[in-house]
Structures are given as structure tokens and as C-alpha cells.
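Heads up: the structure comes next, in C-alpha cells.
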Amino acid sequence: MSPGKAGPKALPQTVVDCHRLDLSACDADDLALLDDDERARAGRFRFERDRIRYIAAHAQARRHLGARLGVAPAEVRFTATRHGKPVLAPVGDVGSTSDGALCFNLTHSGAVGYLAVATCNVGIDLELHRAIGDLQPLIDGYCSPAEIAALGALPAASRCIAFLGAWTRKEAALKAWGTGIGAVPLDQLHVGLVPADRLETNQPLPGLDHDGIRYPDLRLASIASGDEVLSVAAACAGSFIMRLPTDTPRGL
């Protein structure tokens, strides 16, 4: 660098707030926060367990988003992209922040959920660690050749949670892009494996072209700990911080 010349300006670091949601119960106050479309959808669930989890997730999401926007939870309004991804509907100043558009994404597995909130397109995915009877067909169908090789080199006891880590990273990426599962073949989306004992953050995921669509670069953050495997994908220009709640199980 020449004397007297400033170096490249550092890009601002994005913060992705990850709110952990308890979806085990809901009450009348939660239901009252939902809009007509959400209440209608809640009423269509076949199983009461799923209805409770849906109401609890959407009510808690409204509370977190309302607090971020400075409005009452019931004033938070949603719309959807052409691919069906829920987004905030701007109403006056609602739906924006001083530093850019506010984006969010929800995920749940069982009675545990997470809400990711950021000022860039974001996707989040959670899987609870569980036994999968016949894992190999899933690995062969959804993993890249390099991921298949890496999973095959692991001890059998470690393979399931490593696969779930790769799966959550792929899901988070697709959700950040705002597409459905079938939009990009998952075996062509290489995301690698999640370290089992630490937070792995800011891994670049190069964008790709598929069916005439350009999917932009992302950054990934993931962790696998205890029963939870959690991944976030963010479409930010620089690095990002995955800010987790203090009551998240260690090491999440």
C-alpha cells in the first residue's frame, strides 16, 4: 500500500439475531395476535400438537418482530414472495429499520423453534438429532460427491448428526434465497459438514446458476450440540455474527 493511501474500507458486520422459541404450549392471547389468514391456517391442522406449535411460533415471532420494529405485535403484517416465502409487509415505517429492510425466517423441529432476524435476506433451519434407520439413500440423494465421501469417512455413530448438519445448511441456503426445496438440486449444492463441537461461522457459499436463475453468494453459520443442529445462511456482503440467546443449550 502506498504511503498516505487508506486501505479498503471494511464492510459493516451484519448481526443475525436467533431467537429460540418454546412451541410446547399456546394460549388465547397467542391466538389473538394472529391475523385472519394465520388463524384459518391454524384451524386446518389435523393434529392438535401441530396447531399449538404453529400458533406459538407465529405469536412469538410477532412479539420479537414487533419489539424490533417498535410496534405492537398485532400490528406486524406479513405478505409472501412469488415463491411463497413469508416477508414483512411495509406499512408506513413498519417493515423497515434505520439500516435497511428487516428480514426474518422461521424454523422448527418438534416443540423447539428459532426465529432469525437480520437486515439482509436470511434463512434458518433446525433439526433435532434423531436416529434415521436407513441413512445411506438420503446421503446419496441429497449430498454432493465431496460430502458423500466425507460422510463415508466418518465413524457410523457420527454419520447421522453430520448428515443433519449438511441438511440444515442446504435448507438454510434455500430459505435465504427464497426458493422451495426443489428449486436447486441439493446434490449440486455443496455446503460441507458442521463441526460437532464449536460454532462454525462465516463460511462463504458461492452463488450458483441453475435453470437461468442466478442465486447470489451467501455466508453460513452452523453449530451442532446436544440434540440440536442449527444453521443460518445470510445474503450479506461482509461477515456476520450469529447472535444466540443465553438460554440456548450449550454449545449453541
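For the C-alpha cells, the naming scheme is as follows: chains receive sequential letters (A, B, ...) according to their order of presentation, residues are indexed from 1 within each chain, and ligands are indexed from 1 in presentation order.
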Q) Hey, what does DSSP flag as strand (DSSP E or B) within region 30-88 of chain A? Can you give it to me as number ranges by chain? A) A: 78-80, 86-88
Export of the given selection (C-alpha atoms) as an mmCIF file, in the first residue's frame:
data_model
loop_
_atom_site.group_PDB
_atom_site.id
_atom_site.type_symbol
_atom_site.label_atom_id
_atom_site.label_comp_id
_atom_site.auth_asym_id
_atom_site.auth_seq_id
_atom_site.Cartn_x
_atom_site.Cartn_y
_atom_site.Cartn_z
ATOM 1 C CA PHE A 78 -46.914 -10.340 6.546
ATOM 2 C CA THR A 79 -47.010 -10.968 2.839
ATOM 3 C CA ALA A 80 -45.224 -13.534 0.677
ATOM 4 C CA PRO A 86 -43.192 -15.034 4.222
ATOM 5 C CA VAL A 87 -41.835 -11.487 4.451
ATOM 6 C CA LEU A 88 -42.791 -8.353 6.349
#
Q. Which neighbours of region 155-159 of chain A fall inside 12 Å, counting only C-alpha atoms, when residues of the same chain fewer than 3 positions from it are skipped, and could you give them as a list in words?
A.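 Neighbouring residues, sequence-local ones excluded: His129, Arg130, Ala131, Ile132, Gly133, Asp134, Leu135, Gln136, Leu138, Ile139, Glu147, Ile148, Ala149, Ala150, Leu151, Gly152, Ala162, Phe163, Leu164, Gly165, Ala166, Leu193, Val194, Pro195, Ala196 and Ala224 of chain A.
Pairwise distance (CA of Cys103 (chain A), CA of Ala221 (chain A)) equals 16.9 Å.
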Q.
One decimal, in Å: what's the spacing between CA of Val232 (chain A) and CA of Leu220 (chain A)?
A.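 Rounded to one decimal, the two atoms are 5.7 Å apart.
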Q: Would you please extract all alpha helix (DSSP H) residues from region 90-163 of chain A, as assigned by DSSP on the backbone, and give them as number ranges by chain?
A: A: 136-142, 145-152, 156-163
Would you write out, as a Markdown table, a table of all residues in region 157-216 of chain A that have an atom no more than 8 Å from an atom of region 115-126 of chain A, listing for each the closest atom pair and the distance in Å to one decimal, considering only C-alpha atoms and ordering rows by chain and rising residue number?
| residue | atom | partner | partner_atom | distance |
| --- | --- | --- | --- | --- |
| A:Thr168 | CA | A:Asp125 | CA | 5.2 |
| A:Arg169 | CA | A:Asp125 | CA | 7.3 |
| A:Glu171 | CA | A:Asp125 | CA | 6.1 |
| A:Ala172 | CA | A:Gly123 | CA | 4.5 |
| A:Ala173 | CA | A:Gly123 | CA | 6.1 |
| A:Leu174 | CA | A:Gly123 | CA | 7.3 |
| A:Lys175 | CA | A:Gly123 | CA | 4.6 |
| A:Ala176 | CA | A:Gly123 | CA | 4.0 |
| A:Trp177 | CA | A:Asn121 | CA | 7.3 |
Once you have the residues from the selection above, write them out as a PDB file, in the first residue's frame, restricted to N, CA and C atoms.
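Once written, part_33.pdb looks like this:
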ATOM      1  N   THR A 168     -29.278 -29.101   7.220  1.00  0.00           N
ATOM      2  CA  THR A 168     -29.734 -27.792   7.700  1.00  0.00           C
ATOM      3  C   THR A 168     -29.039 -26.661   6.946  1.00  0.00           C
ATOM      4  N   ARG A 169     -27.803 -26.856   6.562  1.00  0.00           N
ATOM      5  CA  ARG A 169     -27.097 -25.821   5.816  1.00  0.00           C
ATOM      6  C   ARG A 169     -27.728 -25.641   4.426  1.00  0.00           C
ATOM      7  N   GLU A 171     -30.879 -26.411   3.609  1.00  0.00           N
ATOM      8  CA  GLU A 171     -32.212 -25.813   3.823  1.00  0.00           C
ATOM      9  C   GLU A 171     -32.091 -24.319   4.114  1.00  0.00           C
ATOM     10  N   ALA A 172     -31.155 -23.942   4.975  1.00  0.00           N
ATOM     11  CA  ALA A 172     -30.982 -22.528   5.305  1.00  0.00           C
ATOM     12  C   ALA A 172     -30.620 -21.722   4.062  1.00  0.00           C
ATOM     13  N   ALA A 173     -29.769 -22.274   3.205  1.00  0.00           N
ATOM     14  CA  ALA A 173     -29.386 -21.576   1.973  1.00  0.00           C
ATOM     15  C   ALA A 173     -30.592 -21.375   1.063  1.00  0.00           C
ATOM     16  N   LEU A 174     -31.380 -22.423   0.863  1.00  0.00           N
ATOM     17  CA  LEU A 174     -32.561 -22.302   0.010  1.00  0.00           C
ATOM     18  C   LEU A 174     -33.551 -21.292   0.575  1.00  0.00           C
ATOM     19  N   LYS A 175     -33.683 -21.254   1.894  1.00  0.00           N
ATOM     20  CA  LYS A 175     -34.610 -20.302   2.519  1.00  0.00           C
ATOM     21  C   LYS A 175     -34.083 -18.875   2.409  1.00  0.00           C
ATOM     22  N   ALA A 176     -32.776 -18.692   2.496  1.00  0.00           N
ATOM     23  CA  ALA A 176     -32.212 -17.353   2.292  1.00  0.00           C
ATOM     24  C   ALA A 176     -32.428 -16.894   0.855  1.00  0.00           C
ATOM     25  N   TRP A 177     -32.331 -17.811  -0.091  1.00  0.00           N
ATOM     26  CA  TRP A 177     -32.591 -17.480  -1.485  1.00  0.00           C
ATOM     27  C   TRP A 177     -34.081 -17.304  -1.760  1.00  0.00           C
TER      28      TRP A 177
END
Q) Within 7 Å of Arg20 (chain A), counting only C-alpha atoms, which residues qualify if same-chain residues fewer than 2 places away don't, as an MDAnalysis selection string? A) chainID A and resid 18 22 113:115 245 248
Expected file contents, prior selection, N, CA and C atoms, as a short mmCIF file (atom, residue, chain, number, x, y, z; two decimals), in the first residue's frame:
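Wrote it out as selection.cif, contents follow:
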data_model
loop_
_atom_site.label_atom_id
_atom_site.label_comp_id
_atom_site.auth_asym_id
_atom_site.auth_seq_id
_atom_site.Cartn_x
_atom_site.Cartn_y
_atom_site.Cartn_z
N CYS A 18 -30.89 -14.74 16.56
CA CYS A 18 -31.57 -16.04 16.53
C CYS A 18 -32.32 -16.23 17.85
N ASP A 22 -40.13 -21.58 22.41
CA ASP A 22 -40.73 -22.75 23.05
C ASP A 22 -42.12 -22.95 22.46
N GLY A 113 -38.35 -24.08 18.30
CA GLY A 113 -38.29 -23.27 17.10
C GLY A 113 -37.22 -22.20 17.22
N TYR A 114 -36.87 -21.60 16.10
CA TYR A 114 -35.97 -20.45 16.06
C TYR A 114 -36.51 -19.43 15.07
N LEU A 115 -36.36 -18.18 15.43
CA LEU A 115 -36.65 -17.06 14.54
C LEU A 115 -35.35 -16.32 14.28
N PRO A 245 -29.45 -16.72 21.88
CA PRO A 245 -29.94 -16.38 23.21
C PRO A 245 -29.13 -17.08 24.29
N THR A 248 -29.92 -20.81 25.16
CA THR A 248 -29.73 -21.85 24.18
C THR A 248 -28.82 -22.93 24.76
#
Q: Quick one: everything within 7 Å of region 37-53 of chain A, counting only C-alpha atoms, minus sequence neighbours fewer than 2 positions away in the same chain. Send it as a list of chain:residue names.
A: A:Leu23, A:Ser24, A:Ala25, A:Cys26, A:Leu34, A:Asp35, A:Ile55, A:Ala56, A:Ala57, A:Ala111
Requested write-out: N, CA and C atoms of the selected residues, as a PDB file, in the first residue's frame:
ATOM      1  N   LEU A  23     -42.298 -24.029  21.711  1.00  0.00           N
ATOM      2  CA  LEU A  23     -43.545 -24.262  20.991  1.00  0.00           C
ATOM      3  C   LEU A  23     -44.411 -25.329  21.658  1.00  0.00           C
ATOM      4  N   SER A  24     -44.169 -25.572  22.939  1.00  0.00           N
ATOM      5  CA  SER A  24     -44.883 -26.657  23.616  1.00  0.00           C
ATOM      6  C   SER A  24     -46.297 -26.277  24.028  1.00  0.00           C
ATOM      7  N   ALA A  25     -46.619 -24.973  24.068  1.00  0.00           N
ATOM      8  CA  ALA A  25     -47.955 -24.551  24.514  1.00  0.00           C
ATOM      9  C   ALA A  25     -48.290 -23.199  23.913  1.00  0.00           C
ATOM     10  N   CYS A  26     -49.576 -22.921  23.823  1.00  0.00           N
ATOM     11  CA  CYS A  26     -50.055 -21.602  23.412  1.00  0.00           C
ATOM     12  C   CYS A  26     -51.327 -21.301  24.181  1.00  0.00           C
ATOM     13  N   LEU A  34     -52.704 -13.423  16.014  1.00  0.00           N
ATOM     14  CA  LEU A  34     -52.629 -13.867  14.632  1.00  0.00           C
ATOM     15  C   LEU A  34     -53.656 -13.141  13.766  1.00  0.00           C
ATOM     16  N   ASP A  35     -53.352 -12.984  12.484  1.00  0.00           N
ATOM     17  CA  ASP A  35     -54.330 -12.378  11.583  1.00  0.00           C
ATOM     18  C   ASP A  35     -55.303 -13.445  11.091  1.00  0.00           C
ATOM     19  N   ILE A  55     -49.369 -21.872  16.191  1.00  0.00           N
ATOM     20  CA  ILE A  55     -49.833 -20.659  16.878  1.00  0.00           C
ATOM     21  C   ILE A  55     -48.714 -20.082  17.739  1.00  0.00           C
ATOM     22  N   ALA A  56     -48.044 -20.953  18.497  1.00  0.00           N
ATOM     23  CA  ALA A  56     -46.973 -20.481  19.380  1.00  0.00           C
ATOM     24  C   ALA A  56     -45.842 -19.838  18.581  1.00  0.00           C
ATOM     25  N   ALA A  57     -45.454 -20.450  17.461  1.00  0.00           N
ATOM     26  CA  ALA A  57     -44.358 -19.914  16.649  1.00  0.00           C
ATOM     27  C   ALA A  57     -44.723 -18.550  16.082  1.00  0.00           C
ATOM     28  N   ALA A 111     -40.965 -29.436  19.297  1.00  0.00           N
ATOM     29  CA  ALA A 111     -41.503 -28.304  20.052  1.00  0.00           C
ATOM     30  C   ALA A 111     -40.480 -27.196  20.262  1.00  0.00           C
TER      31      ALA A 111
END
